[in-house]
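Novice: Following this line is final-v1.cif, made up of mmCIF, N, CA and C atoms:
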data_work
loop_
_atom_site.label_atom_id
_atom_site.label_comp_id
_atom_site.auth_asym_id
_atom_site.auth_seq_id
_atom_site.Cartn_x
_atom_site.Cartn_y
_atom_site.Cartn_z
N MET U 1 7.21 -3.20 -10.43
CA MET U 1 6.01 -2.70 -9.80
C MET U 1 5.24 -3.89 -9.24
N SER U 2 4.85 -3.80 -8.02
CA SER U 2 4.13 -4.88 -7.35
C SER U 2 2.62 -4.72 -7.43
N LEU U 3 2.17 -3.49 -7.63
CA LEU U 3 0.73 -3.27 -7.70
C LEU U 3 0.19 -3.89 -8.98
N ILE U 4 -0.97 -4.53 -8.87
CA ILE U 4 -1.58 -5.16 -10.02
C ILE U 4 -2.27 -4.09 -10.85
N HIS U 5 -1.94 -4.05 -12.11
CA HIS U 5 -2.63 -3.15 -13.02
C HIS U 5 -2.86 -3.90 -14.32
N TYR U 6 -3.76 -3.42 -15.10
CA TYR U 6 -4.15 -4.11 -16.32
C TYR U 6 -3.69 -3.33 -17.53
N PRO U 7 -3.45 -4.02 -18.65
CA PRO U 7 -3.01 -3.33 -19.87
C PRO U 7 -3.95 -2.18 -20.21
N GLY U 8 -3.37 -1.07 -20.56
CA GLY U 8 -4.15 0.11 -20.94
C GLY U 8 -4.46 1.02 -19.78
N SER U 9 -4.34 0.52 -18.55
CA SER U 9 -4.67 1.36 -17.41
C SER U 9 -3.58 2.37 -17.10
N ASP U 10 -2.43 2.24 -17.73
CA ASP U 10 -1.33 3.18 -17.51
C ASP U 10 -1.70 4.58 -17.96
N HIS U 11 -2.67 4.70 -18.83
CA HIS U 11 -3.04 6.00 -19.38
C HIS U 11 -4.18 6.66 -18.61
N GLN U 12 -4.63 6.00 -17.57
CA GLN U 12 -5.71 6.55 -16.77
C GLN U 12 -5.11 7.17 -15.52
N MET U 13 -5.72 8.24 -15.05
CA MET U 13 -5.21 8.87 -13.85
C MET U 13 -6.38 9.25 -12.96
N ALA U 14 -6.23 8.94 -11.70
CA ALA U 14 -7.22 9.35 -10.72
C ALA U 14 -6.52 10.30 -9.75
N VAL U 15 -7.15 11.38 -9.46
CA VAL U 15 -6.57 12.35 -8.55
C VAL U 15 -7.54 12.54 -7.39
N ILE U 16 -7.01 12.40 -6.19
CA ILE U 16 -7.84 12.63 -5.00
C ILE U 16 -7.11 13.62 -4.11
N SER U 17 -7.86 14.32 -3.33
CA SER U 17 -7.27 15.25 -2.37
C SER U 17 -7.57 14.77 -0.97
N ILE U 18 -6.52 14.62 -0.18
CA ILE U 18 -6.68 14.30 1.24
C ILE U 18 -5.72 15.20 2.01
N ASP U 19 -6.11 15.54 3.22
CA ASP U 19 -5.22 16.42 3.97
C ASP U 19 -4.02 15.62 4.48
N ALA U 20 -2.98 16.33 4.86
CA ALA U 20 -1.73 15.71 5.28
C ALA U 20 -1.92 14.80 6.50
N GLY U 21 -2.82 15.17 7.40
CA GLY U 21 -3.07 14.34 8.58
C GLY U 21 -3.66 12.99 8.21
N HIS U 22 -4.63 13.00 7.28
CA HIS U 22 -5.20 11.74 6.83
C HIS U 22 -4.16 10.91 6.07
N ALA U 23 -3.36 11.57 5.25
CA ALA U 23 -2.31 10.86 4.52
C ALA U 23 -1.34 10.19 5.50
N ARG U 24 -0.98 10.91 6.55
CA ARG U 24 -0.08 10.36 7.57
C ARG U 24 -0.73 9.15 8.24
N ASP U 25 -2.00 9.26 8.62
CA ASP U 25 -2.70 8.16 9.28
C ASP U 25 -2.80 6.94 8.37
N ILE U 26 -3.08 7.18 7.09
CA ILE U 26 -3.15 6.07 6.13
C ILE U 26 -1.78 5.41 5.98
N MET U 27 -0.72 6.22 5.94
CA MET U 27 0.64 5.67 5.85
C MET U 27 0.94 4.79 7.06
N PHE U 28 0.58 5.25 8.26
CA PHE U 28 0.81 4.45 9.47
C PHE U 28 0.05 3.13 9.41
N MET U 29 -1.22 3.18 8.99
CA MET U 29 -2.04 1.98 8.90
C MET U 29 -1.43 1.00 7.88
N LEU U 30 -1.06 1.50 6.73
CA LEU U 30 -0.49 0.64 5.70
C LEU U 30 0.87 0.10 6.11
N THR U 31 1.65 0.89 6.83
CA THR U 31 2.94 0.41 7.33
C THR U 31 2.74 -0.74 8.30
N ASP U 32 1.77 -0.62 9.18
CA ASP U 32 1.46 -1.72 10.12
C ASP U 32 0.97 -2.96 9.37
N ALA U 33 0.08 -2.75 8.39
CA ALA U 33 -0.41 -3.88 7.60
C ALA U 33 0.74 -4.53 6.84
N HIS U 34 1.65 -3.71 6.32
CA HIS U 34 2.82 -4.25 5.61
C HIS U 34 3.67 -5.10 6.55
N ALA U 35 3.93 -4.61 7.75
CA ALA U 35 4.74 -5.37 8.71
C ALA U 35 4.09 -6.72 9.02
N LEU U 36 2.80 -6.70 9.24
CA LEU U 36 2.07 -7.93 9.55
C LEU U 36 2.12 -8.92 8.39
N ILE U 37 1.80 -8.43 7.20
CA ILE U 37 1.75 -9.32 6.03
C ILE U 37 3.14 -9.79 5.65
N SER U 38 4.15 -8.94 5.78
CA SER U 38 5.53 -9.35 5.50
C SER U 38 5.95 -10.48 6.44
N ASP U 39 5.57 -10.35 7.70
CA ASP U 39 5.90 -11.39 8.68
C ASP U 39 5.21 -12.70 8.31
N LEU U 40 3.94 -12.61 7.94
CA LEU U 40 3.22 -13.82 7.52
C LEU U 40 3.87 -14.43 6.27
N ALA U 41 4.23 -13.58 5.32
CA ALA U 41 4.82 -14.06 4.07
C ALA U 41 6.18 -14.72 4.30
N SER U 42 6.88 -14.31 5.36
CA SER U 42 8.20 -14.90 5.63
C SER U 42 8.10 -16.31 6.19
N GLY U 43 6.90 -16.72 6.58
CA GLY U 43 6.70 -18.08 7.07
C GLY U 43 7.01 -18.28 8.53
N THR U 44 7.14 -17.20 9.30
CA THR U 44 7.45 -17.34 10.72
C THR U 44 6.29 -17.92 11.52
N ALA U 45 5.10 -17.81 10.99
CA ALA U 45 3.91 -18.38 11.64
C ALA U 45 3.16 -19.19 10.58
N PRO U 46 3.59 -20.44 10.35
CA PRO U 46 3.04 -21.23 9.23
C PRO U 46 1.51 -21.37 9.25
N ALA U 47 0.91 -21.58 10.41
CA ALA U 47 -0.54 -21.76 10.47
C ALA U 47 -1.25 -20.47 10.07
N ALA U 48 -0.77 -19.34 10.56
CA ALA U 48 -1.37 -18.05 10.21
C ALA U 48 -1.16 -17.74 8.74
N ALA U 49 0.03 -18.05 8.22
CA ALA U 49 0.32 -17.82 6.81
C ALA U 49 -0.59 -18.66 5.93
N CYS U 50 -0.82 -19.89 6.34
CA CYS U 50 -1.71 -20.78 5.59
C CYS U 50 -3.13 -20.22 5.58
N GLN U 51 -3.58 -19.75 6.73
CA GLN U 51 -4.92 -19.18 6.83
C GLN U 51 -5.03 -17.90 5.99
N ALA U 52 -4.02 -17.04 6.06
CA ALA U 52 -4.03 -15.80 5.27
C ALA U 52 -4.03 -16.11 3.78
N THR U 53 -3.27 -17.11 3.37
CA THR U 53 -3.25 -17.52 1.96
C THR U 53 -4.62 -18.01 1.53
N ALA U 54 -5.27 -18.76 2.41
CA ALA U 54 -6.62 -19.25 2.11
C ALA U 54 -7.62 -18.10 2.00
N VAL U 55 -7.48 -17.10 2.86
CA VAL U 55 -8.37 -15.93 2.79
C VAL U 55 -8.21 -15.22 1.46
N LEU U 56 -6.96 -15.03 1.02
CA LEU U 56 -6.72 -14.39 -0.27
C LEU U 56 -7.33 -15.21 -1.41
N ALA U 57 -7.17 -16.53 -1.33
CA ALA U 57 -7.74 -17.40 -2.37
C ALA U 57 -9.27 -17.33 -2.36
N ASP U 58 -9.87 -17.35 -1.18
CA ASP U 58 -11.33 -17.26 -1.06
C ASP U 58 -11.86 -15.94 -1.61
N ALA U 59 -11.07 -14.90 -1.48
CA ALA U 59 -11.46 -13.58 -1.97
C ALA U 59 -11.14 -13.41 -3.46
N SER U 60 -10.63 -14.47 -4.08
CA SER U 60 -10.20 -14.43 -5.49
C SER U 60 -9.19 -13.32 -5.73
N SER U 61 -8.33 -13.08 -4.74
CA SER U 61 -7.31 -12.04 -4.85
C SER U 61 -6.26 -12.43 -5.88
N GLU U 62 -5.78 -11.46 -6.59
CA GLU U 62 -4.68 -11.69 -7.52
C GLU U 62 -3.33 -11.58 -6.83
N TYR U 63 -3.35 -11.27 -5.53
CA TYR U 63 -2.13 -11.13 -4.76
C TYR U 63 -1.80 -12.40 -3.98
N THR U 64 -0.50 -12.66 -3.84
CA THR U 64 0.00 -13.62 -2.87
C THR U 64 0.36 -12.80 -1.63
N LEU U 65 0.70 -13.47 -0.54
CA LEU U 65 1.12 -12.71 0.65
C LEU U 65 2.33 -11.84 0.34
N ALA U 66 3.30 -12.41 -0.36
CA ALA U 66 4.52 -11.66 -0.67
C ALA U 66 4.23 -10.48 -1.59
N SER U 67 3.41 -10.69 -2.61
CA SER U 67 3.13 -9.58 -3.53
C SER U 67 2.26 -8.51 -2.87
N LEU U 68 1.39 -8.93 -1.96
CA LEU U 68 0.58 -7.96 -1.22
C LEU U 68 1.47 -7.11 -0.31
N ALA U 69 2.42 -7.74 0.35
CA ALA U 69 3.36 -7.00 1.20
C ALA U 69 4.16 -6.00 0.36
N SER U 70 4.59 -6.41 -0.81
CA SER U 70 5.36 -5.53 -1.68
C SER U 70 4.50 -4.37 -2.19
N ALA U 71 3.26 -4.66 -2.55
CA ALA U 71 2.36 -3.60 -3.02
C ALA U 71 2.06 -2.60 -1.91
N LEU U 72 1.90 -3.07 -0.69
CA LEU U 72 1.68 -2.16 0.44
C LEU U 72 2.89 -1.26 0.64
N GLU U 73 4.08 -1.84 0.53
CA GLU U 73 5.30 -1.04 0.69
C GLU U 73 5.38 0.04 -0.38
N GLU U 74 5.06 -0.31 -1.63
CA GLU U 74 5.06 0.68 -2.71
C GLU U 74 4.06 1.80 -2.42
N THR U 75 2.88 1.43 -1.96
CA THR U 75 1.84 2.41 -1.69
C THR U 75 2.26 3.37 -0.57
N VAL U 76 2.84 2.82 0.48
CA VAL U 76 3.33 3.66 1.58
C VAL U 76 4.39 4.64 1.06
N ASN U 77 5.29 4.15 0.23
CA ASN U 77 6.33 5.02 -0.31
C ASN U 77 5.75 6.11 -1.19
N TRP U 78 4.75 5.78 -2.00
CA TRP U 78 4.11 6.78 -2.85
C TRP U 78 3.42 7.83 -2.00
N LEU U 79 2.68 7.40 -0.98
CA LEU U 79 2.00 8.35 -0.12
C LEU U 79 2.99 9.24 0.63
N ALA U 80 4.07 8.66 1.10
CA ALA U 80 5.08 9.45 1.81
C ALA U 80 5.68 10.50 0.88
N SER U 81 5.94 10.11 -0.35
CA SER U 81 6.50 11.04 -1.32
C SER U 81 5.50 12.15 -1.65
N ALA U 82 4.24 11.78 -1.85
CA ALA U 82 3.21 12.78 -2.15
C ALA U 82 3.01 13.72 -0.98
N ARG U 83 3.00 13.19 0.22
CA ARG U 83 2.83 14.03 1.42
C ARG U 83 4.00 14.99 1.55
N HIS U 84 5.21 14.46 1.36
CA HIS U 84 6.40 15.31 1.46
C HIS U 84 6.35 16.43 0.41
N GLY U 85 5.96 16.06 -0.83
CA GLY U 85 5.86 17.05 -1.89
C GLY U 85 4.82 18.12 -1.60
N ALA U 86 3.69 17.69 -1.03
CA ALA U 86 2.62 18.65 -0.70
C ALA U 86 3.06 19.59 0.41
N LEU U 87 3.72 19.04 1.43
CA LEU U 87 4.15 19.86 2.54
C LEU U 87 5.29 20.81 2.15
N ALA U 88 6.08 20.40 1.15
CA ALA U 88 7.18 21.25 0.70
C ALA U 88 6.66 22.53 0.03
N GLN U 89 5.41 22.49 -0.45
CA GLN U 89 4.82 23.64 -1.11
C GLN U 89 4.30 24.68 -0.13
N ILE U 90 4.26 24.32 1.15
CA ILE U 90 3.75 25.23 2.17
C ILE U 90 4.91 26.08 2.69
N PRO U 91 4.81 27.39 2.56
CA PRO U 91 5.92 28.24 3.02
C PRO U 91 6.08 28.15 4.55
N GLY U 92 7.33 28.22 4.97
CA GLY U 92 7.63 28.18 6.40
C GLY U 92 7.34 29.49 7.07
N ASP U 93 7.43 29.46 8.39
CA ASP U 93 7.18 30.69 9.18
C ASP U 93 8.27 31.72 8.98
#
The structure in this file should be written as structure tokens.

Specialist:
Amino acid sequence: MSLIHYPGSDHQMAVISIDAGHARDIMFMLTDAHALISDLASGTAPAAACQATAVLADASSEYTLASLASALEETVNWLASARHGALAQIPGD
């Protein structure tokens, strides 16, 4: 698991409701952010990667570029699965 969680938080659950359109839009946004951060993490643009790493450090982030990219990918996959599951419950025409 790439998402940062703390001991004991495994027993907590938050449930939110969003419509499928918003879920789709969030997935698209996170997919784009993942592509950008993955590219930065790969080192193809060293100056930008250095700046992004500095921004994370300044924000006291617990993520590195690589772990942030991985966490975004996990989140997109979870949202896609939840959206698919929600839409599967809707009867067809």

Novice: What lies within 12 Å of segment 14-31 of chain U using only C-alpha atoms, ignoring chain neighbours under 4 positions off, as a PyMOL selection string?

Specialist: chain U and resi 9-10+35-38+68-88+90

Novice: To one decimal place, how far is atom CA of Ala54 of chain U from atom CA of Asp32 of chain U in Å?

Specialist: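 One can read the atom CA of Ala54 of chain U to atom CA of Asp32 of chain U distance as 20.9 Å.
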
Novice: When DSSP works through the backbone of this structure, what residues of chain U end up as helix (DSSP H, G or I), shown as number ranges by chain?

Specialist: U: 9-11, 20-41, 46-58, 65-88

Novice: Atom CA of Ala59 of chain U and atom N of Ser42 of chain U are how many Å apart?

Specialist: 19.8 Å

Novice: Rounded to one decimal in Å, what is the spacing between atom CA of Ala41 of chain U and atom N of Leu65 of chain U?

Specialist: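 About the pair atom CA of Ala41 of chain U and atom N of Leu65 of chain U: they are 6.2 Å apart.
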
Novice: With only N, CA and C atoms as the counted atoms, please give the residues lying no more than 8 Å from Tyr63 of chain U, apart from itself and same-chain residues fewer than 6 positions off, as an MDAnalysis selection string.

Specialist: chainID U and resid 4 53 56:57 69
